[in-house]
>>> print(open('final_8.pdb').read())   # PDB, C-alpha atoms and all ligand atoms
ATOM      1  CA  MET W 327      39.124 -26.485  16.347  1.00  0.00           C
ATOM      2  CA  GLN W 328      39.560 -29.061  19.068  1.00  0.00           C
ATOM      3  CA  VAL W 329      39.900 -28.124  22.691  1.00  0.00           C
ATOM      4  CA  ALA W 330      39.899 -30.114  25.887  1.00  0.00           C
ATOM      5  CA  PRO W 331      37.051 -29.504  28.313  1.00  0.00           C
ATOM      6  CA  GLY W 332      38.257 -27.427  31.205  1.00  0.00           C
ATOM      7  CA  PRO W 333      37.063 -26.218  34.568  1.00  0.00           C
ATOM      8  CA  GLY W 334      33.753 -24.403  34.482  1.00  0.00           C
ATOM      9  CA  ALA W 335      32.413 -26.746  31.829  1.00  0.00           C
ATOM     10  CA  ALA W 336      28.654 -26.992  31.558  1.00  0.00           C
ATOM     11  CA  PRO W 337      26.952 -30.002  33.194  1.00  0.00           C
ATOM     12  CA  ILE W 338      26.368 -31.533  29.791  1.00  0.00           C
ATOM     13  CA  TYR W 339      30.072 -32.424  29.608  1.00  0.00           C
ATOM     14  CA  THR W 340      30.702 -35.976  30.642  1.00  0.00           C
ATOM     15  CA  PRO W 341      34.038 -36.838  32.259  1.00  0.00           C
ATOM     16  CA  ARG W 342      34.809 -39.287  29.460  1.00  0.00           C
ATOM     17  CA  VAL W 343      34.821 -36.686  26.714  1.00  0.00           C
ATOM     18  CA  ARG W 344      38.334 -35.802  25.657  1.00  0.00           C
ATOM     19  CA  HIS W 345      37.733 -34.317  22.223  1.00  0.00           C
ATOM     20  CA  HIS W 346      35.039 -31.953  21.189  1.00  0.00           C
ATOM     21  CA  VAL W 347      34.333 -29.061  18.871  1.00  0.00           C
ATOM     22  CA  ASP W 348      32.422 -26.126  20.269  1.00  0.00           C
ATOM     23  CA  TYR W 349      30.210 -24.013  18.034  1.00  0.00           C
ATOM     24  CA  ALA W 350      29.749 -21.097  20.433  1.00  0.00           C
ATOM     25  CA  LEU W 351      31.296 -18.630  17.989  1.00  0.00           C
ATOM     26  CA  ALA W 352      28.930 -19.650  15.207  1.00  0.00           C
ATOM     27  CA  ARG W 353      26.021 -19.320  17.638  1.00  0.00           C
ATOM     28  CA  ARG W 354      27.057 -15.795  18.572  1.00  0.00           C
ATOM     29  CA  ALA W 355      27.362 -14.894  14.895  1.00  0.00           C
ATOM     30  CA  VAL W 356      23.867 -16.184  14.130  1.00  0.00           C
ATOM     31  CA  LEU W 357      22.357 -14.330  17.078  1.00  0.00           C
ATOM     32  CA  GLY W 358      24.254 -11.182  16.080  1.00  0.00           C
ATOM     33  CA  ASP W 359      22.836 -11.436  12.551  1.00  0.00           C
ATOM     34  CA  LEU W 360      19.370 -11.819  14.020  1.00  0.00           C
ATOM     35  CA  ARG W 361      19.757  -8.685  16.126  1.00  0.00           C
ATOM     36  CA  THR W 362      21.043  -6.590  13.261  1.00  0.00           C
ATOM     37  CA  GLY W 363      18.419  -7.868  10.818  1.00  0.00           C
ATOM     38  CA  ARG W 364      20.800  -9.723   8.492  1.00  0.00           C
ATOM     39  CA  ARG W 365      18.768 -12.847   9.253  1.00  0.00           C
ATOM     40  CA  ASP W 366      15.149 -13.082  10.190  1.00  0.00           C
ATOM     41  CA  ARG W 367      13.606 -15.194  12.876  1.00  0.00           C
ATOM     42  CA  LEU W 368      12.161 -17.767  10.481  1.00  0.00           C
ATOM     43  CA  ASP W 369      15.704 -18.573   9.306  1.00  0.00           C
ATOM     44  CA  VAL W 370      16.951 -19.496  12.760  1.00  0.00           C
ATOM     45  CA  CYS W 371      13.749 -20.862  14.321  1.00  0.00           C
ATOM     46  CA  ASP W 372      13.278 -23.684  11.847  1.00  0.00           C
ATOM     47  CA  ALA W 373      13.470 -26.869  13.964  1.00  0.00           C
ATOM     48  CA  GLN W 374      12.020 -29.833  12.096  1.00  0.00           C
ATOM     49  CA  PRO W 375       9.110 -31.805  13.610  1.00  0.00           C
ATOM     50  CA  GLU W 376      11.399 -34.743  14.458  1.00  0.00           C
ATOM     51  CA  LEU W 377      13.781 -32.480  16.362  1.00  0.00           C
ATOM     52  CA  LEU W 378      10.896 -30.848  18.225  1.00  0.00           C
ATOM     53  CA  ARG W 379       9.537 -34.257  19.175  1.00  0.00           C
ATOM     54  CA  ALA W 380      12.957 -35.242  20.532  1.00  0.00           C
ATOM     55  CA  ALA W 381      13.163 -31.923  22.386  1.00  0.00           C
ATOM     56  CA  ARG W 382       9.890 -32.711  24.145  1.00  0.00           C
ATOM     57  CA  ASN W 383      10.620 -36.356  24.897  1.00  0.00           C
ATOM     58  CA  ILE W 384      14.286 -37.235  25.402  1.00  0.00           C
ATOM     59  CA  ALA W 385      16.137 -33.998  25.874  1.00  0.00           C
ATOM     60  CA  GLU W 386      18.148 -32.675  28.790  1.00  0.00           C
ATOM     61  CA  PRO W 387      17.071 -29.369  30.297  1.00  0.00           C
ATOM     62  CA  LEU W 388      19.507 -26.539  29.694  1.00  0.00           C
ATOM     63  CA  ASP W 389      20.296 -23.862  32.210  1.00  0.00           C
ATOM     64  CA  GLY W 390      19.538 -20.513  30.634  1.00  0.00           C
ATOM     65  CA  ASP W 391      16.786 -18.938  28.572  1.00  0.00           C
ATOM     66  CA  CYS W 392      16.166 -19.159  24.844  1.00  0.00           C
ATOM     67  CA  PRO W 393      18.295 -16.449  23.156  1.00  0.00           C
ATOM     68  CA  VAL W 394      15.462 -15.700  20.720  1.00  0.00           C
ATOM     69  CA  CYS W 395      12.169 -15.794  22.650  1.00  0.00           C
ATOM     70  CA  GLY W 396      13.373 -15.888  26.264  1.00  0.00           C
ATOM     71  CA  SER W 397      11.599 -19.171  27.057  1.00  0.00           C
ATOM     72  CA  ALA W 398      12.975 -21.092  30.048  1.00  0.00           C
ATOM     73  CA  ASP W 399      12.271 -24.420  28.306  1.00  0.00           C
ATOM     74  CA  LEU W 400      15.535 -24.556  26.350  1.00  0.00           C
ATOM     75  CA  VAL W 401      16.855 -28.139  26.029  1.00  0.00           C
ATOM     76  CA  LEU W 402      19.723 -30.136  24.557  1.00  0.00           C
ATOM     77  CA  VAL W 403      19.083 -33.003  22.151  1.00  0.00           C
ATOM     78  CA  SER W 404      21.842 -35.571  21.467  1.00  0.00           C
ATOM     79  CA  TYR W 405      22.284 -37.441  18.203  1.00  0.00           C
ATOM     80  CA  VAL W 406      24.847 -40.212  17.768  1.00  0.00           C
ATOM     81  CA  TYR W 407      26.565 -41.397  14.617  1.00  0.00           C
ATOM     82  CA  GLY W 408      28.987 -44.236  14.072  1.00  0.00           C
ATOM     83  CA  ASP W 409      29.483 -47.124  11.654  1.00  0.00           C
ATOM     84  CA  ALA W 410      29.309 -49.693  14.445  1.00  0.00           C
ATOM     85  CA  LEU W 411      26.254 -48.292  16.182  1.00  0.00           C
ATOM     86  CA  ARG W 412      23.835 -50.242  13.959  1.00  0.00           C
ATOM     87  CA  ARG W 413      20.339 -49.546  15.262  1.00  0.00           C
ATOM     88  CA  ALA W 414      21.397 -46.455  17.209  1.00  0.00           C
ATOM     89  CA  ASN W 415      23.190 -44.821  14.252  1.00  0.00           C
ATOM     90  CA  GLY W 416      21.714 -41.385  13.588  1.00  0.00           C
ATOM     91  CA  ARG W 417      19.325 -41.683  16.496  1.00  0.00           C
ATOM     92  CA  CYS W 418      18.486 -39.340  19.265  1.00  0.00           C
ATOM     93  CA  ILE W 419      19.489 -40.762  22.649  1.00  0.00           C
ATOM     94  CA  ASP W 420      19.219 -40.006  26.367  1.00  0.00           C
ATOM     95  CA  ALA W 421      21.966 -39.948  29.004  1.00  0.00           C
ATOM     96  CA  GLY W 422      21.467 -43.628  29.924  1.00  0.00           C
ATOM     97  CA  GLU W 423      21.879 -44.760  26.335  1.00  0.00           C
ATOM     98  CA  LEU W 424      24.947 -42.515  25.952  1.00  0.00           C
ATOM     99  CA  ALA W 425      26.600 -44.177  28.957  1.00  0.00           C
ATOM    100  CA  ARG W 426      25.788 -47.630  27.565  1.00  0.00           C
ATOM    101  CA  LEU W 427      27.256 -46.800  24.144  1.00  0.00           C
ATOM    102  CA  ASP W 428      30.333 -45.209  25.761  1.00  0.00           C
ATOM    103  CA  ALA W 429      31.003 -48.479  27.564  1.00  0.00           C
ATOM    104  CA  THR W 430      30.368 -50.796  24.632  1.00  0.00           C
ATOM    105  CA  GLN W 431      31.487 -48.944  21.492  1.00  0.00           C
ATOM    106  CA  GLU W 432      35.004 -48.223  20.276  1.00  0.00           C
ATOM    107  CA  GLU W 433      34.212 -44.824  18.770  1.00  0.00           C
ATOM    108  CA  PHE W 434      31.221 -42.735  17.778  1.00  0.00           C
ATOM    109  CA  SER W 435      30.212 -39.108  17.347  1.00  0.00           C
ATOM    110  CA  ARG W 436      27.697 -37.244  19.412  1.00  0.00           C
ATOM    111  CA  TYR W 437      26.095 -34.054  18.142  1.00  0.00           C
ATOM    112  CA  VAL W 438      24.426 -31.869  20.740  1.00  0.00           C
ATOM    113  CA  VAL W 439      21.744 -29.500  19.484  1.00  0.00           C
ATOM    114  CA  GLU W 440      20.226 -26.663  21.482  1.00  0.00           C
ATOM    115  CA  VAL W 441      16.464 -26.498  20.873  1.00  0.00           C
ATOM    116  CA  CYS W 442      13.656 -24.221  22.047  1.00  0.00           C
ATOM    117  CA  PRO W 443      10.329 -26.088  21.838  1.00  0.00           C
ATOM    118  CA  ASP W 444       8.463 -22.766  22.046  1.00  0.00           C
ATOM    119  CA  CYS W 445       9.893 -20.690  19.159  1.00  0.00           C
ATOM    120  CA  HIS W 446      11.724 -23.576  17.372  1.00  0.00           C
ATOM    121  CA  TRP W 447      15.174 -21.975  17.679  1.00  0.00           C
ATOM    122  CA  ASN W 448      17.812 -24.655  17.126  1.00  0.00           C
ATOM    123  CA  HIS W 449      21.565 -24.614  16.874  1.00  0.00           C
ATOM    124  CA  LEU W 450      24.303 -27.230  16.774  1.00  0.00           C
ATOM    125  CA  GLN W 451      26.132 -26.616  20.032  1.00  0.00           C
ATOM    126  CA  ARG W 452      28.890 -29.186  20.043  1.00  0.00           C
ATOM    127  CA  HIS W 453      30.338 -32.258  18.418  1.00  0.00           C
ATOM    128  CA  GLU W 454      32.038 -34.791  20.680  1.00  0.00           C
ATOM    129  CA  LEU W 455      33.966 -37.986  20.112  1.00  0.00           C
ATOM    130  CA  HIS W 456      32.888 -40.811  22.404  1.00  0.00           C
ATOM    131  CA  GLY W 457      33.578 -44.463  23.034  1.00  0.00           C
ATOM    132  CA  ARG W 458      36.294 -46.552  24.638  1.00  0.00           C
ATOM    133  CA  ARG W 459      39.003 -45.102  22.412  1.00  0.00           C
ATOM    134  CA  HIS W 460      38.345 -41.699  23.959  1.00  0.00           C
ATOM    135  CA  ALA W 461      37.741 -42.807  27.546  1.00  0.00           C
ATOM    136  CA  GLY W 462      40.052 -41.669  30.319  1.00  0.00           C
TER     137      GLY W 462
HETATM  138 ZN    ZN W 501      12.646 -19.750  21.981  1.00  0.00          ZN
END
>>> encode(input="final_8.pdb", output="structure tokens")
Amino acid sequence: MQVAPGPGAAPIYTPRVRHHVDYALARRAVLGDLRTGRRDRLDVCDAQPELLRAARNIAEPLDGDCPVCGSADLVLVSYVYGDALRRANGRCIDAGELARLDATQEEFSRYVVEVCPDCHWNHLQRHELHGRRHAG
């Protein structure tokens, strides 16, 4: 499912992003399963050490509380993938690096993961296409 970002978009949206996939429905399904007991908390709060490190060091704060533990420390971690990214391929980046790659790369993918450093809840929130090919 591809939709264009519209009005009321969260601050994490950058103006350059034209194509993205939103995983909000999957998130709601997971949280619904947690509430009804079809999944337990260990299944959904399983962030790996590397992701938790990124969440503490180069993440963007997210408005809103953790849907599992209620912590206010919820953050977004961005990973980028692309054949031409070389050193940055598969790495976790901050907003400055994202802007630099947007300006210099033809095309790459950005995966945005919602992470709670307190209870280790994590969920892929969105996938975006970036780079000059997708710039306005
Ligand atoms: Zn939490």
>>> residues_around(input="final_8.pdb", residues="stretch 407-418 of chain W", least_positions_apart="2", cutoff="8 Å", atoms="all atoms listed in the file", output="list in words")
Ala380, Ile384, Val403, Ser404, Tyr405, Asp420, Gln431, Glu433, Phe434, Ser435 and Arg436 of chain W
>>> residues_near_ligand(input="final_8.pdb", ligand="ligand ZN 501 (chain W)", cutoff="8 Å", atoms="only C-alpha atoms and all ligand atoms", output="number ranges by chain")
W: 371, 391-397, 399-400, 441-447
>>> atom_distance(input="final_8.pdb", atom1="atom CA of W:Val401", atom2="atom CA of W:Arg365")
22.8 Å
>>> resolve_selection(input="final_8.pdb", expression="the PyMOL selection byres (((chain W and resi 356) around 12) and not hetatm)", output="ChimeraX atom specification")
/W:349-355,357-367,369-371,393-394,447-450
>>> closest_residue(input="final_8.pdb", among="W:Asn383, W:Gln374, W:Gln451, W:Thr430", to="W:Val347", atoms="all atoms listed in the file")
W:Gln451
>>> resolve_selection(input="final_8.pdb", expression="the PyMOL selection byres (((chain W and resi 429) around 12) and not hetatm)", output="MDAnalysis selection string")
chainID W and resid 342 422:428 430:434 456:462
>>> write_last_selection(input="final_8.pdb", atoms="C-alpha atoms", output="short mmCIF file (atom, residue, chain, number, x, y, z; two decimals), keeping the file's coordinate frame")
data_model
loop_
_atom_site.label_atom_id
_atom_site.label_comp_id
_atom_site.auth_asym_id
_atom_site.auth_seq_id
_atom_site.Cartn_x
_atom_site.Cartn_y
_atom_site.Cartn_z
CA ARG W 342 34.81 -39.29 29.46
CA GLY W 422 21.47 -43.63 29.92
CA GLU W 423 21.88 -44.76 26.34
CA LEU W 424 24.95 -42.52 25.95
CA ALA W 425 26.60 -44.18 28.96
CA ARG W 426 25.79 -47.63 27.56
CA LEU W 427 27.26 -46.80 24.14
CA ASP W 428 30.33 -45.21 25.76
CA THR W 430 30.37 -50.80 24.63
CA GLN W 431 31.49 -48.94 21.49
CA GLU W 432 35.00 -48.22 20.28
CA GLU W 433 34.21 -44.82 18.77
CA PHE W 434 31.22 -42.74 17.78
CA HIS W 456 32.89 -40.81 22.40
CA GLY W 457 33.58 -44.46 23.03
CA ARG W 458 36.29 -46.55 24.64
CA ARG W 459 39.00 -45.10 22.41
CA HIS W 460 38.34 -41.70 23.96
CA ALA W 461 37.74 -42.81 27.55
CA GLY W 462 40.05 -41.67 30.32
#
>>> atom_distance(input="final_8.pdb", atom1="atom CA of W:Pro375", atom2="atom CA of W:Leu455")
26.4 Å
>>> atom_distance(input="final_8.pdb", atom1="atom CA of W:Val438", atom2="atom CA of W:Arg379")
15.2 Å
>>> axis_aligned_box(input="final_8.pdb", around="stretch 351-355 of chain W", padding_each_side="6 Å", output="AutoDock Vina command-line options")
--center_x 28.7 --center_y -17.3 --center_z 16.7 --size_x 17.3 --size_y 16.8 --size_z 15.7
